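> Pasting a structure here, questions to come.
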Amino acid sequence: MTAVLAAGESAGGLAPPRRRVEKHRPAWLSLPLRFLLPVLILAGWWIGSATGTLSPEVLAGPPKVWSAFVELLRSGQLADFALASFTRAALGVLLGVTVGLLLGLVAGLSSLGEELVDSTMQIVRAVPFLALVPLFIAWFGIDELYKVLLIAVATVAPMYAYTYLGVRNVDRKVVEAARGFGLTGVRLVLEVILPSALPGVLMALRVCLSISITGLIAAEQVGTSKGVGYLVTLAQEYNRTDYMVLCVVLYAVLGLIFDGVVRLVERFAMPWRGQVAIR
């Protein structure tokens, strides 16, 4: 065998295949690397504020932002505002993702469903959801329903698009094999098609959660007495840059929480994904 490989290498310039050895970066090194860039940004921000390079009227320094955080935390407003924003975002995402997932399955599974649904969803995708804010206020008022529906509309199109593509990219041979074993109808969709389209669905969920933050910011700018958006409005009225920066941090933390949830779902639903990346 060795002689054959040597002959092949000399004849065609081919080398014998090498065994792939997986290299895992140790946790003590991987964790600091994840936080290296944020720490450098924080250090630059802190140094710029301490040296006066960054004016506090333009960007409050970390100590002032921390003082604002402690002040709101002790008063109990921070927990109430964060919970209100999280609830709105979660309800809106749940509604938008559910509708987008169902419509994506309908359009992806049948040509009739595509003819009925796809053109309408392309219109929804093309219209910026921020342009719907005045109409939604006129239709639904400025209560919680308006905020939840705005976030839902912002997230329904990405979920539909990724689900549709995921279903259409399912290997037909796998579907035929499942049918050969007697799987049809709802069982075929739930046990074969949807799991095969799961990478696209989870990617859509990550995109939807990111977009929901933008929808939440837009929704909480109108008719809100509780939420991070209300805190932004107060900061603008009183020119409190420390509150403004704190709101940005809160939105970032909310996005990190959403992303962490999706990562956990991916780890348990698709454990093989860790072996795909070239490290």
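Letters for chains follow the order of the structure tokens (A, B, ...), residue numbers begin at 1 for each chain, and ligand numbers begin at 1 in the order shown.
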Might you pull out every residue within 6 Å of stretch 94-102 of chain A, with only C-alpha atoms counted and same-chain residues fewer than 6 positions away left off, and present them as number ranges by chain?

A: 152, 155-156, 159-160

> When you look at stretch 42-56 of chain A with a cut-off of 9 Å (counting only C-alpha atoms), what residues show up, excluding the ones that are within fewer than 6 positions of it in the same chain? I need them as a PyMOL selection string.

chain A and resi 62-64+241-242

> Would you put the residues from that selection into a file with N, CA and C atoms, as a PDB file, in the first residue's frame?


```pdb
ATOM      1  N   PRO A  62     -17.338  55.964  31.948  1.00  0.00           N
ATOM      2  CA  PRO A  62     -17.822  54.778  32.654  1.00  0.00           C
ATOM      3  C   PRO A  62     -18.231  55.027  34.110  1.00  0.00           C
ATOM      4  N   PRO A  63     -17.502  55.848  34.899  1.00  0.00           N
ATOM      5  CA  PRO A  63     -17.951  56.072  36.276  1.00  0.00           C
ATOM      6  C   PRO A  63     -19.338  56.707  36.360  1.00  0.00           C
ATOM      7  N   LYS A  64     -19.630  57.689  35.502  1.00  0.00           N
ATOM      8  CA  LYS A  64     -20.947  58.321  35.525  1.00  0.00           C
ATOM      9  C   LYS A  64     -22.042  57.350  35.078  1.00  0.00           C
ATOM     10  N   THR A 241     -26.348  62.328  29.211  1.00  0.00           N
ATOM     11  CA  THR A 241     -25.610  61.392  28.362  1.00  0.00           C
ATOM     12  C   THR A 241     -25.286  60.092  29.093  1.00  0.00           C
ATOM     13  N   ASP A 242     -25.219  60.156  30.431  1.00  0.00           N
ATOM     14  CA  ASP A 242     -24.957  58.924  31.165  1.00  0.00           C
ATOM     15  C   ASP A 242     -26.128  57.956  31.035  1.00  0.00           C
TER      16      ASP A 242
END
```

> Hey, which of A:Ile137, A:Val65, A:Leu78, A:Val39 ends up closest to A:Lys226? Count only C-alpha atoms.

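The answer is A:Leu78, which sits nearest to A:Lys226.
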
> Measuring atom to atom with only C-alpha atoms, identify which of A:Val58, A:Leu190, A:Arg168, A:Arg267 is nearest to A:Glu114.

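Between A:Val58, A:Leu190, A:Arg168, A:Arg267, the residue approaching A:Glu114 most closely is A:Arg168.
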
> Point out the residue among A:Val167, A:Leu188, A:Leu205, A:Val261 with the least atom-to-atom distance to A:Leu109, counting only C-alpha atoms.

A:Val167

> Identify, on the basis of only C-alpha atoms, every residue whose closest approach to A:Leu250 does not exceed 12 Å; exclude the query and any residue fewer than 4 positions from it along the same chain; express the result as a list in words.

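My list of contacting residues is Val65, Phe69, Leu78, Ala79, Phe81, Ala82, Leu83, Ser85, Phe86, Ile213, Ile217, Gly227, Val228, Gly229, Leu231, Val232, Tyr243, Met244, Val245, Leu246, Leu254, Gly255, Leu256 and Ile257 of chain A.
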
> Include N, CA and C atoms and write out the residues we just selected as a compact mmCIF listing (two decimals), in the first residue's frame.


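So selection_3.txt came out as:
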```txt
# COMPACT_ATOMS: atom_id res chain seq x y z
N VAL A 65 -21.72 56.53 34.09
CA VAL A 65 -22.71 55.53 33.63
C VAL A 65 -22.97 54.53 34.74
N PHE A 69 -26.47 53.70 36.64
CA PHE A 69 -26.96 52.33 36.79
C PHE A 69 -27.32 52.02 38.23
N LEU A 78 -34.91 50.32 37.19
CA LEU A 78 -34.15 49.58 36.19
C LEU A 78 -34.77 48.21 35.93
N ALA A 79 -35.11 47.51 36.99
CA ALA A 79 -35.72 46.18 36.82
C ALA A 79 -37.07 46.29 36.12
N PHE A 81 -38.13 48.70 34.06
CA PHE A 81 -37.94 49.10 32.66
C PHE A 81 -37.41 47.94 31.82
N ALA A 82 -36.41 47.23 32.35
CA ALA A 82 -35.83 46.11 31.61
C ALA A 82 -36.85 45.00 31.39
N LEU A 83 -37.64 44.71 32.41
CA LEU A 83 -38.66 43.66 32.29
C LEU A 83 -39.73 44.04 31.27
N SER A 85 -39.40 46.05 28.64
CA SER A 85 -38.83 45.95 27.30
C SER A 85 -38.64 44.50 26.88
N PHE A 86 -38.17 43.67 27.79
CA PHE A 86 -37.97 42.26 27.47
C PHE A 86 -39.30 41.59 27.14
N ILE A 213 -34.66 44.19 18.40
CA ILE A 213 -34.12 45.28 19.20
C ILE A 213 -34.40 46.61 18.52
N ILE A 217 -36.81 49.63 19.95
CA ILE A 217 -36.41 51.03 20.10
C ILE A 217 -37.44 51.95 19.46
N GLY A 227 -40.09 51.28 30.33
CA GLY A 227 -39.28 50.59 29.33
C GLY A 227 -37.98 51.33 29.09
N VAL A 228 -37.05 50.66 28.43
CA VAL A 228 -35.76 51.28 28.14
C VAL A 228 -35.94 52.46 27.19
N GLY A 229 -36.89 52.36 26.25
CA GLY A 229 -37.16 53.46 25.34
C GLY A 229 -37.65 54.70 26.06
N LEU A 231 -36.77 55.48 29.05
CA LEU A 231 -35.57 56.01 29.69
C LEU A 231 -34.75 56.82 28.69
N VAL A 232 -34.71 56.38 27.43
CA VAL A 232 -34.02 57.14 26.38
C VAL A 232 -34.68 58.50 26.20
N TYR A 243 -27.36 58.48 31.07
CA TYR A 243 -28.53 57.63 30.87
C TYR A 243 -28.59 57.11 29.44
N MET A 244 -28.20 57.96 28.48
CA MET A 244 -28.21 57.53 27.08
C MET A 244 -27.28 56.35 26.86
N VAL A 245 -26.06 56.46 27.39
CA VAL A 245 -25.10 55.37 27.24
C VAL A 245 -25.59 54.13 27.97
N LEU A 246 -26.19 54.32 29.13
CA LEU A 246 -26.72 53.19 29.89
C LEU A 246 -27.80 52.46 29.09
N LEU A 254 -29.54 43.02 26.29
CA LEU A 254 -30.73 42.30 25.83
C LEU A 254 -30.42 41.49 24.57
N GLY A 255 -29.66 42.08 23.65
CA GLY A 255 -29.26 41.34 22.45
C GLY A 255 -28.38 40.15 22.76
N LEU A 256 -27.46 40.31 23.74
CA LEU A 256 -26.60 39.20 24.13
C LEU A 256 -27.41 38.07 24.76
N ILE A 257 -28.42 38.43 25.54
CA ILE A 257 -29.28 37.39 26.13
C ILE A 257 -29.99 36.61 25.04
```

> Within 8 Å of A:Pro158, counting only C-alpha atoms, which residues qualify if same-chain residues fewer than 6 places away don't, as number ranges by chain?

A: 100, 125, 204, 207-208

> For the residues selected in the previous step, produce a file with N, CA and C atoms as a short mmCIF file (atom, residue, chain, number, x, y, z; two decimals), in the first residue's frame.


```cif
data_model
loop_
_atom_site.label_atom_id
_atom_site.label_comp_id
_atom_site.auth_asym_id
_atom_site.auth_seq_id
_atom_site.Cartn_x
_atom_site.Cartn_y
_atom_site.Cartn_z
N GLY A 100 -44.19 33.70 10.63
CA GLY A 100 -43.22 33.53 9.56
C GLY A 100 -42.86 32.07 9.33
N ARG A 125 -41.52 42.21 3.07
CA ARG A 125 -40.07 42.28 3.25
C ARG A 125 -39.50 43.57 2.66
N ALA A 204 -32.50 32.19 11.10
CA ALA A 204 -33.58 33.17 11.00
C ALA A 204 -33.95 33.69 12.39
N VAL A 207 -31.45 36.27 13.43
CA VAL A 207 -31.67 37.54 12.71
C VAL A 207 -32.89 38.25 13.27
N CYS A 208 -33.95 37.50 13.52
CA CYS A 208 -35.19 38.10 14.04
C CYS A 208 -34.97 38.74 15.40
#
```

> Please identify which residues in stretch 23-192 of chain A DSSP calls alpha helix (DSSP H) from the backbone, and express them as a VMD selection string.

chain A and resid 27 to 50 62 to 75 77 to 109 111 to 126 133 to 140 144 to 168 172 to 180 185 to 188

> Report as JSON lines: every residue of stretch 32-97 of chain A with an atom at most 9 Å from stretch 144-147 of chain A, its closest pair of atoms, and their distance in Å to one decimal, counting only C-alpha atoms, with rows sorted by chain and ascending residue number.


```
{"residue": "A:Arg88", "atom": "CA", "partner": "A:Lys147", "partner_atom": "CA", "distance": 6.9}
{"residue": "A:Ala89", "atom": "CA", "partner": "A:Lys147", "partner_atom": "CA", "distance": 8.6}
{"residue": "A:Gly92", "atom": "CA", "partner": "A:Lys147", "partner_atom": "CA", "distance": 7.8}
```
